[in-house]
Amino acid sequence: MRDSRTLPAGTFEAAATSAQRPRRARGSRLRPRHLLIGIAALVVLVLVSVLTGAAELGWQRVLAELGAQFTGGVSPLSEREAAILWQLRVPRVVLAVLVGAALAVSGAAFQGVFRNPLADPYLLGAASGAGLSVTVVVTAVPQVTLGSTGLAQVAAFLGALGGVGLTWLIGRSAGPDTATLVLAGVAVSAFLTAAQTFVQQLRVESLQRVYMWLLGRLSTSGWHEVLTVVPGLCLATMVLCACGRLLDLLGTGDEEAAALGVRPGRVRALVLVAASLATASAVSVAGLIGFVGLVVPHLVRLALGGSYRVIVPVSLLFGGAFLVGADMLARTVMAPAELPIGVITAFTGAPFFALLLHTSRRR
Amino acid sequence: MSLVELDGLSAGYRGSPVLSDISTAIGAGGWLGVIGPNGSGKSTLLKAMLGLVHHGGTVTVDGRRVSGLRQRERAKLLGYAPQLPQLPVGMTVTDYVLLGRTPYTGPLGRESTRDLDIVAEVLERLDLLDLAERVLSDLSGGERQRAVLARALAQRTGVLLLDEPTTGLDVGHAQALLDLVDELRHERGTTVVTTLHDLTMAGQYAEHLLLLEHGRVSAEGAPGEVLTTDVLHRHYAARVSILPLPDGSPAVTPVRESARRPREG
């Protein structure tokens, strides 16, 4: 700074017009290599996941089937095998991609809005709201099957949004501060979880089914779940990717964001609505899968820096890839039995995360 | 080049008034120093000018009422650097300074090459080019204050509102920062309003001082008129001596009670 003082007056202005411009500033923005790495990871995991599975179709034959589908050749699979591949295996992999993407991108958004790296998509009561309403449905309508489409899914979706809505109402009445919103989320989550436990105790026989739901699962009944989750995820992705820069701005605090011409309250509301829709869609088809929304945005932040313009879209890709990988483990580790995917995400995610924290600290 | 006028400005938080009836004018390219004891409403004055707190009265910039403008337009007129800025976690200096271009970027927030050029210029001007890729939390106090100033400068506004820009800086860094602000003011005709707790520096850099107490103007004028033993004793409850410096500006130095007694006796 002291040196710059010796510059003649007018340098500041002249620099803008002179032929010798200073080198152009390079801000963080999404660069092709970020996307390419994410897409490559996703494609590899999806491919491996589609080629392997519980039913022994043989990966060469599946590969031949994929080739046949794209070129219009003759399928090497029997009709039954083709049905297993296209009605069970593929939709499940696609669902894993979508759910993982939805949770990771929502987690990134929540971490941005609350300026808190510990935030995850369930922070504002989405999980406990969905948990309560699914428990109520399971106990009230014992014949409802959780794996299937319909009532339980709708209940989970509405419950998740209801939990977040309740938190929002209580938080708003207390003040415009994000800290009050988080506290309201804690209160709502505790209350709804208590209510859920109470309902469960009334009908002990429902305990195991509710418990399985709480642990999360990706077993599908075809393409229906995939279609359910697509609209919410697409909407949220568009909104959140467009809001990356605004999330960066929120990091400077409300007053400074306002002084820079942005209404922080509106941005927050928009981002939270979008992220909550995506979360509720994911929860409705897959139950409560933890850790993805917390860890994936973190990994991306550690690897690529703190700008949400990069974190949001890259988390989308890596969230999908992460959950596909986790689902592969869930299906194979104890085959033919399946582990709940929530166990896998925490079991593999946590040590990996700890390792990354350790190495990034030493750097 | 902006003429700033305050007329009957009042402000408060949750019903309790902090500022009342502040009227003053700052000529284009002028420097107003806002001084006053702790809690006298200095920071609130800047926030009220920006429309960040509920306020009454009017603030005009070149005759345009600030409260009638959209937030984005306002951000093109008034640049602001708060006293204790929140620094986004993991953000680089360049990205931080780029945030200053927010009022000019489109809805998707993609900066134009002009934005990037302006940021590069500001970084160069504030000697931040070598730190451009560093993360904010790794900077020293002086570097951080420069980054905050750079963000406000990237806004390219005619008016700069700086809340205690020298907080946490040693005397050399504080001088360098204020010199820089003064140079920019002369080069670009920027109108500057700063709150400053160092009265000597306030007197040396500001052309006009506004002394607040309990949210009201209790003294106003050229530094030589405001910085007097009498005024400072009355409003700060401080024992000070005013020593004339070689250039004629007043230096305010505190005087310890025990040291003064023998002379009085």
# chains A, B, ... in the order shown; residues from 1 in each chain; ligands from 1
$ interface_residues --of "chain B" --to "chain A" --cutoff "6 Å" --atoms "only C-alpha atoms" --output "count of residues only"
19
$ closest_residue --among "B:Ile26, B:Leu245, B:Ala11, B:Val34" --to "Gly51 in chain B" --atoms "only C-alpha atoms"
B:Ala11
$ residues_around --residues "Gly41 in chain B" --least-positions-apart "6" --cutoff "12 Å" --atoms "only C-alpha atoms" --output "list in words"
Leu9, Ser10, Ala11, Gly12, Tyr13, Pro17, Val18, Leu19, Ser20, Ile22, Val34, Ile35, Lys47, Ala48, Asp163, Thr195, Leu210, Leu211, Leu212, Glu213, His214, Gly215, Arg216 and Val217 of chain B
$ atom_distance --atom1 "CA of Ala275 in chain A" --atom2 "CA of Phe114 in chain A"
12.7 Å
$ select_by_dssp --residues "range 92-205 of chain B" --states "helix (DSSP H, G or I)" --output "MDAnalysis selection string"
chainID B and resid 93:104 113:125 129:131 136:138 141:154 171:188 199:205
$ closest_residue --among "B:Ala202, B:Val193, B:Ala154, B:Leu232" --to "Gly100 in chain B" --atoms "only C-alpha atoms"
B:Ala154
$ residues_around --residues "Arg146 in chain B" --least-positions-apart "4" --cutoff "8 Å" --atoms "only C-alpha atoms" --output "PyMOL selection string"
chain B and resi 126+128+142+150+177
$ closest_residue --among "B:Thr228, B:Gln204, B:Gln83, B:Thr102" --to "Thr166 in chain B" --atoms "only C-alpha atoms"
B:Gln83
$ residues_around --residues "Val99 in chain A" --least-positions-apart "5" --cutoff "12 Å" --atoms "only C-alpha atoms" --output "tab-separated table (two decimals) with N, CA and C atoms, in the first residue's frame"
chain	number	residue	atom	x	y	z
A	91	PRO	N	-33.88	-48.27	-12.57
A	91	PRO	CA	-34.57	-47.20	-11.83
A	91	PRO	C	-33.98	-46.98	-10.45
A	92	ARG	N	-33.50	-48.04	-9.83
A	92	ARG	CA	-32.93	-47.89	-8.50
A	92	ARG	C	-31.65	-47.04	-8.56
A	93	VAL	N	-30.83	-47.32	-9.56
A	93	VAL	CA	-29.60	-46.53	-9.70
A	93	VAL	C	-29.94	-45.07	-9.99
A	94	VAL	N	-30.90	-44.87	-10.87
A	94	VAL	CA	-31.29	-43.50	-11.21
A	94	VAL	C	-31.84	-42.79	-9.97
A	104	ALA	N	-27.61	-33.52	-1.35
A	104	ALA	CA	-26.34	-32.79	-1.32
A	104	ALA	C	-26.54	-31.33	-1.69
A	105	VAL	N	-27.35	-31.08	-2.70
A	105	VAL	CA	-27.54	-29.70	-3.14
A	105	VAL	C	-28.33	-28.93	-2.07
A	106	SER	N	-29.29	-29.59	-1.42
A	106	SER	CA	-30.02	-28.92	-0.34
A	106	SER	C	-29.09	-28.65	0.83
A	216	GLY	N	-33.81	-45.29	5.98
A	216	GLY	CA	-33.68	-44.96	4.57
A	216	GLY	C	-33.51	-46.20	3.70
A	217	ARG	N	-34.07	-46.16	2.52
A	217	ARG	CA	-33.93	-47.30	1.61
A	217	ARG	C	-34.19	-46.82	0.19
A	218	LEU	N	-33.63	-47.55	-0.75
A	218	LEU	CA	-33.79	-47.15	-2.15
A	218	LEU	C	-34.47	-48.23	-2.97
A	225	GLU	N	-41.11	-43.88	-8.46
A	225	GLU	CA	-40.39	-43.05	-7.49
A	225	GLU	C	-39.49	-42.03	-8.20
A	226	VAL	N	-38.88	-42.51	-9.29
A	226	VAL	CA	-37.99	-41.62	-10.03
A	226	VAL	C	-38.76	-40.40	-10.51
A	227	LEU	N	-39.95	-40.66	-11.07
A	227	LEU	CA	-40.74	-39.56	-11.60
A	227	LEU	C	-41.23	-38.64	-10.48
A	228	THR	N	-41.46	-39.22	-9.28
A	228	THR	CA	-41.92	-38.40	-8.16
A	228	THR	C	-40.88	-37.38	-7.75
A	229	VAL	N	-39.62	-37.78	-7.82
A	229	VAL	CA	-38.58	-36.95	-7.25
A	229	VAL	C	-38.06	-35.92	-8.26
A	230	VAL	N	-38.33	-36.17	-9.54
A	230	VAL	CA	-37.76	-35.30	-10.58
A	230	VAL	C	-38.20	-33.83	-10.50
A	232	GLY	N	-39.38	-31.75	-8.12
A	232	GLY	CA	-38.83	-31.01	-6.98
A	232	GLY	C	-37.34	-30.78	-7.15
A	233	LEU	N	-36.66	-31.85	-7.58
A	233	LEU	CA	-35.22	-31.74	-7.73
A	233	LEU	C	-34.84	-30.76	-8.84
A	234	CYS	N	-35.54	-30.82	-9.97
A	234	CYS	CA	-35.22	-29.93	-11.09
A	234	CYS	C	-35.43	-28.47	-10.67
A	278	ALA	N	-36.82	-29.98	-2.48
A	278	ALA	CA	-35.94	-31.07	-2.93
A	278	ALA	C	-35.78	-32.11	-1.83
A	279	THR	N	-35.59	-31.63	-0.59
A	279	THR	CA	-35.42	-32.55	0.54
A	279	THR	C	-36.67	-33.39	0.74
A	280	ALA	N	-37.84	-32.73	0.71
A	280	ALA	CA	-39.09	-33.45	0.93
A	280	ALA	C	-39.30	-34.50	-0.16
A	281	SER	N	-38.95	-34.16	-1.42
A	281	SER	CA	-39.10	-35.15	-2.50
A	281	SER	C	-38.20	-36.35	-2.24
A	282	ALA	N	-36.97	-36.06	-1.82
A	282	ALA	CA	-36.03	-37.15	-1.57
A	282	ALA	C	-36.52	-38.02	-0.41
A	283	VAL	N	-36.96	-37.37	0.67
A	283	VAL	CA	-37.42	-38.10	1.84
A	283	VAL	C	-38.64	-38.95	1.50
A	284	SER	N	-39.50	-38.43	0.65
A	284	SER	CA	-40.74	-39.15	0.35
A	284	SER	C	-40.48	-40.48	-0.33
A	285	VAL	N	-39.43	-40.57	-1.13
A	285	VAL	CA	-39.17	-41.84	-1.82
A	285	VAL	C	-38.10	-42.68	-1.16
A	286	ALA	N	-37.26	-42.09	-0.33
A	286	ALA	CA	-36.11	-42.84	0.17
A	286	ALA	C	-35.98	-42.87	1.68
A	287	GLY	N	-36.93	-42.26	2.38
A	287	GLY	CA	-36.81	-42.22	3.83
A	287	GLY	C	-35.71	-41.27	4.24
A	288	LEU	N	-35.20	-41.50	5.45
A	288	LEU	CA	-34.21	-40.56	5.97
A	288	LEU	C	-32.81	-41.10	5.76
A	289	ILE	N	-32.16	-40.60	4.74
A	289	ILE	CA	-30.77	-40.98	4.50
A	289	ILE	C	-29.90	-39.84	5.00
A	290	GLY	N	-29.14	-40.12	6.01
A	290	GLY	CA	-28.35	-39.07	6.64
A	290	GLY	C	-26.99	-38.92	5.99
A	292	VAL	N	-25.35	-37.54	3.73
A	292	VAL	CA	-25.04	-37.09	2.37
A	292	VAL	C	-25.08	-35.56	2.31
A	293	GLY	N	-26.18	-35.00	2.86
A	293	GLY	CA	-26.38	-33.56	2.78
A	293	GLY	C	-25.38	-32.79	3.60
A	316	LEU	N	-24.10	-31.36	-6.42
A	316	LEU	CA	-25.18	-32.07	-7.12
A	316	LEU	C	-24.64	-33.36	-7.74
A	317	LEU	N	-23.52	-33.23	-8.46
A	317	LEU	CA	-22.94	-34.39	-9.14
A	317	LEU	C	-22.36	-35.40	-8.15
A	318	PHE	N	-21.60	-34.87	-7.17
A	318	PHE	CA	-20.96	-35.79	-6.24
A	318	PHE	C	-21.96	-36.42	-5.27
A	319	GLY	N	-23.02	-35.69	-4.95
A	319	GLY	CA	-24.07	-36.27	-4.11
A	319	GLY	C	-24.68	-37.49	-4.80
A	320	GLY	N	-24.96	-37.35	-6.10
A	320	GLY	CA	-25.50	-38.47	-6.86
A	320	GLY	C	-24.53	-39.64	-6.89
A	321	ALA	N	-23.25	-39.32	-7.18
A	321	ALA	CA	-22.24	-40.37	-7.26
A	321	ALA	C	-22.07	-41.07	-5.91
A	322	PHE	N	-22.04	-40.28	-4.86
A	322	PHE	CA	-21.83	-40.83	-3.51
A	322	PHE	C	-22.92	-41.82	-3.15
A	323	LEU	N	-24.18	-41.44	-3.44
A	323	LEU	CA	-25.26	-42.32	-3.03
A	323	LEU	C	-25.33	-43.58	-3.90
A	324	VAL	N	-24.95	-43.47	-5.17
A	324	VAL	CA	-24.89	-44.66	-6.02
A	324	VAL	C	-23.85	-45.64	-5.45
A	326	ALA	N	-22.77	-45.77	-2.35
A	326	ALA	CA	-23.25	-46.29	-1.07
A	326	ALA	C	-24.29	-47.39	-1.29
A	327	ASP	N	-25.15	-47.18	-2.27
A	327	ASP	CA	-26.20	-48.18	-2.54
A	327	ASP	C	-25.60	-49.48	-3.04
A	341	ILE	N	-29.35	-48.17	3.65
A	341	ILE	CA	-28.33	-47.33	3.00
A	341	ILE	C	-27.83	-46.23	3.94
$ atom_distance --atom1 "CA of Thr193 in chain A" --atom2 "CA of Gly131 in chain A"
7.4 Å
$ atom_distance --atom1 "CA of Gln153 in chain A" --atom2 "CA of Ala127 in chain A"
13.3 Å
$ closest_residue --among "A:Gly38, A:Gly162, A:Val134, A:Val314" --to "Gly150 in chain A" --atoms "only C-alpha atoms"
A:Val134
$ closest_residue --among "B:Leu209, B:Leu178, B:Leu46, B:Leu3" --to "Gly221 in chain B" --atoms "only C-alpha atoms"
B:Leu209
$ closest_residue --among "A:Ala274, A:Val295, A:Leu123, A:Val44" --to "Pro231 in chain A" --atoms "only C-alpha atoms"
A:Ala274
$ decode --residues "range 45-78 of chain A" --atoms "N, CA and C atoms" --output "PDB file, in the first residue's frame"
ATOM      1  N   LEU A  45     -19.567 -44.673 -11.611  1.00  0.00           N
ATOM      2  CA  LEU A  45     -20.298 -45.367 -10.552  1.00  0.00           C
ATOM      3  C   LEU A  45     -21.642 -45.892 -11.043  1.00  0.00           C
ATOM      4  N   VAL A  46     -22.315 -45.097 -11.863  1.00  0.00           N
ATOM      5  CA  VAL A  46     -23.603 -45.542 -12.398  1.00  0.00           C
ATOM      6  C   VAL A  46     -23.402 -46.802 -13.250  1.00  0.00           C
ATOM      7  N   LEU A  47     -22.370 -46.773 -14.075  1.00  0.00           N
ATOM      8  CA  LEU A  47     -22.112 -47.899 -14.961  1.00  0.00           C
ATOM      9  C   LEU A  47     -21.800 -49.173 -14.164  1.00  0.00           C
ATOM     10  N   VAL A  48     -20.897 -49.039 -13.199  1.00  0.00           N
ATOM     11  CA  VAL A  48     -20.540 -50.205 -12.382  1.00  0.00           C
ATOM     12  C   VAL A  48     -21.779 -50.718 -11.658  1.00  0.00           C
ATOM     13  N   SER A  49     -22.584 -49.771 -11.174  1.00  0.00           N
ATOM     14  CA  SER A  49     -23.758 -50.151 -10.416  1.00  0.00           C
ATOM     15  C   SER A  49     -24.790 -50.861 -11.282  1.00  0.00           C
ATOM     16  N   VAL A  50     -24.923 -50.417 -12.529  1.00  0.00           N
ATOM     17  CA  VAL A  50     -25.891 -51.059 -13.422  1.00  0.00           C
ATOM     18  C   VAL A  50     -25.388 -52.447 -13.861  1.00  0.00           C
ATOM     19  N   LEU A  51     -24.052 -52.572 -13.991  1.00  0.00           N
ATOM     20  CA  LEU A  51     -23.494 -53.844 -14.470  1.00  0.00           C
ATOM     21  C   LEU A  51     -23.494 -54.923 -13.396  1.00  0.00           C
ATOM     22  N   THR A  52     -23.512 -54.522 -12.134  1.00  0.00           N
ATOM     23  CA  THR A  52     -23.489 -55.517 -11.055  1.00  0.00           C
ATOM     24  C   THR A  52     -24.789 -55.423 -10.277  1.00  0.00           C
ATOM     25  N   GLY A  53     -25.185 -56.499  -9.651  1.00  0.00           N
ATOM     26  CA  GLY A  53     -26.412 -56.446  -8.869  1.00  0.00           C
ATOM     27  C   GLY A  53     -26.682 -57.776  -8.217  1.00  0.00           C
ATOM     28  N   ALA A  54     -27.769 -57.828  -7.465  1.00  0.00           N
ATOM     29  CA  ALA A  54     -28.095 -59.038  -6.716  1.00  0.00           C
ATOM     30  C   ALA A  54     -28.345 -60.213  -7.667  1.00  0.00           C
ATOM     31  N   ALA A  55     -29.132 -59.946  -8.713  1.00  0.00           N
ATOM     32  CA  ALA A  55     -29.389 -61.007  -9.684  1.00  0.00           C
ATOM     33  C   ALA A  55     -28.171 -61.149 -10.595  1.00  0.00           C
ATOM     34  N   GLU A  56     -27.690 -62.399 -10.773  1.00  0.00           N
ATOM     35  CA  GLU A  56     -26.485 -62.609 -11.571  1.00  0.00           C
ATOM     36  C   GLU A  56     -26.822 -62.561 -13.059  1.00  0.00           C
ATOM     37  N   LEU A  57     -26.794 -61.374 -13.603  1.00  0.00           N
ATOM     38  CA  LEU A  57     -27.072 -61.272 -15.042  1.00  0.00           C
ATOM     39  C   LEU A  57     -25.786 -61.370 -15.852  1.00  0.00           C
ATOM     40  N   GLY A  58     -24.656 -61.170 -15.175  1.00  0.00           N
ATOM     41  CA  GLY A  58     -23.369 -61.186 -15.880  1.00  0.00           C
ATOM     42  C   GLY A  58     -23.117 -59.829 -16.514  1.00  0.00           C
ATOM     43  N   TRP A  59     -21.986 -59.215 -16.144  1.00  0.00           N
ATOM     44  CA  TRP A  59     -21.793 -57.836 -16.591  1.00  0.00           C
ATOM     45  C   TRP A  59     -21.584 -57.719 -18.090  1.00  0.00           C
ATOM     46  N   GLN A  60     -21.000 -58.786 -18.695  1.00  0.00           N
ATOM     47  CA  GLN A  60     -20.815 -58.710 -20.146  1.00  0.00           C
ATOM     48  C   GLN A  60     -22.161 -58.690 -20.860  1.00  0.00           C
ATOM     49  N   ARG A  61     -23.086 -59.508 -20.318  1.00  0.00           N
ATOM     50  CA  ARG A  61     -24.396 -59.586 -20.974  1.00  0.00           C
ATOM     51  C   ARG A  61     -25.169 -58.277 -20.783  1.00  0.00           C
ATOM     52  N   VAL A  62     -25.030 -57.672 -19.583  1.00  0.00           N
ATOM     53  CA  VAL A  62     -25.701 -56.390 -19.362  1.00  0.00           C
ATOM     54  C   VAL A  62     -25.133 -55.336 -20.300  1.00  0.00           C
ATOM     55  N   LEU A  63     -23.815 -55.382 -20.454  1.00  0.00           N
ATOM     56  CA  LEU A  63     -23.166 -54.432 -21.362  1.00  0.00           C
ATOM     57  C   LEU A  63     -23.689 -54.619 -22.788  1.00  0.00           C
ATOM     58  N   ALA A  64     -23.813 -55.902 -23.184  1.00  0.00           N
ATOM     59  CA  ALA A  64     -24.335 -56.198 -24.519  1.00  0.00           C
ATOM     60  C   ALA A  64     -25.771 -55.701 -24.654  1.00  0.00           C
ATOM     61  N   GLU A  65     -26.553 -55.871 -23.570  1.00  0.00           N
ATOM     62  CA  GLU A  65     -27.946 -55.410 -23.572  1.00  0.00           C
ATOM     63  C   GLU A  65     -28.000 -53.883 -23.734  1.00  0.00           C
ATOM     64  N   LEU A  66     -27.123 -53.181 -22.993  1.00  0.00           N
ATOM     65  CA  LEU A  66     -27.094 -51.725 -23.107  1.00  0.00           C
ATOM     66  C   LEU A  66     -26.763 -51.328 -24.536  1.00  0.00           C
ATOM     67  N   GLY A  67     -25.759 -52.016 -25.104  1.00  0.00           N
ATOM     68  CA  GLY A  67     -25.382 -51.740 -26.491  1.00  0.00           C
ATOM     69  C   GLY A  67     -26.542 -51.996 -27.430  1.00  0.00           C
ATOM     70  N   ALA A  68     -27.235 -53.108 -27.187  1.00  0.00           N
ATOM     71  CA  ALA A  68     -28.363 -53.467 -28.050  1.00  0.00           C
ATOM     72  C   ALA A  68     -29.468 -52.414 -27.965  1.00  0.00           C
ATOM     73  N   GLN A  69     -29.712 -51.914 -26.760  1.00  0.00           N
ATOM     74  CA  GLN A  69     -30.756 -50.902 -26.590  1.00  0.00           C
ATOM     75  C   GLN A  69     -30.431 -49.630 -27.366  1.00  0.00           C
ATOM     76  N   PHE A  70     -29.132 -49.278 -27.366  1.00  0.00           N
ATOM     77  CA  PHE A  70     -28.789 -48.014 -28.012  1.00  0.00           C
ATOM     78  C   PHE A  70     -28.629 -48.145 -29.519  1.00  0.00           C
ATOM     79  N   THR A  71     -28.252 -49.359 -29.970  1.00  0.00           N
ATOM     80  CA  THR A  71     -28.049 -49.503 -31.413  1.00  0.00           C
ATOM     81  C   THR A  71     -29.220 -50.205 -32.069  1.00  0.00           C
ATOM     82  N   GLY A  72     -30.137 -50.706 -31.276  1.00  0.00           N
ATOM     83  CA  GLY A  72     -31.284 -51.410 -31.834  1.00  0.00           C
ATOM     84  C   GLY A  72     -30.957 -52.853 -32.221  1.00  0.00           C
ATOM     85  N   GLY A  73     -29.926 -53.419 -31.578  1.00  0.00           N
ATOM     86  CA  GLY A  73     -29.531 -54.794 -31.888  1.00  0.00           C
ATOM     87  C   GLY A  73     -30.384 -55.804 -31.120  1.00  0.00           C
ATOM     88  N   VAL A  74     -29.935 -57.049 -31.141  1.00  0.00           N
ATOM     89  CA  VAL A  74     -30.688 -58.120 -30.486  1.00  0.00           C
ATOM     90  C   VAL A  74     -30.251 -58.234 -29.023  1.00  0.00           C
ATOM     91  N   SER A  75     -31.227 -58.301 -28.111  1.00  0.00           N
ATOM     92  CA  SER A  75     -30.917 -58.361 -26.690  1.00  0.00           C
ATOM     93  C   SER A  75     -30.451 -59.750 -26.300  1.00  0.00           C
ATOM     94  N   PRO A  76     -29.369 -59.860 -25.538  1.00  0.00           N
ATOM     95  CA  PRO A  76     -28.907 -61.177 -25.095  1.00  0.00           C
ATOM     96  C   PRO A  76     -29.682 -61.666 -23.877  1.00  0.00           C
ATOM     97  N   LEU A  77     -30.522 -60.841 -23.288  1.00  0.00           N
ATOM     98  CA  LEU A  77     -31.204 -61.223 -22.048  1.00  0.00           C
ATOM     99  C   LEU A  77     -32.571 -61.801 -22.331  1.00  0.00           C
ATOM    100  N   SER A  78     -33.000 -62.669 -21.414  1.00  0.00           N
ATOM    101  CA  SER A  78     -34.368 -63.170 -21.506  1.00  0.00           C
ATOM    102  C   SER A  78     -35.323 -62.058 -21.091  1.00  0.00           C
TER     103      SER A  78
END
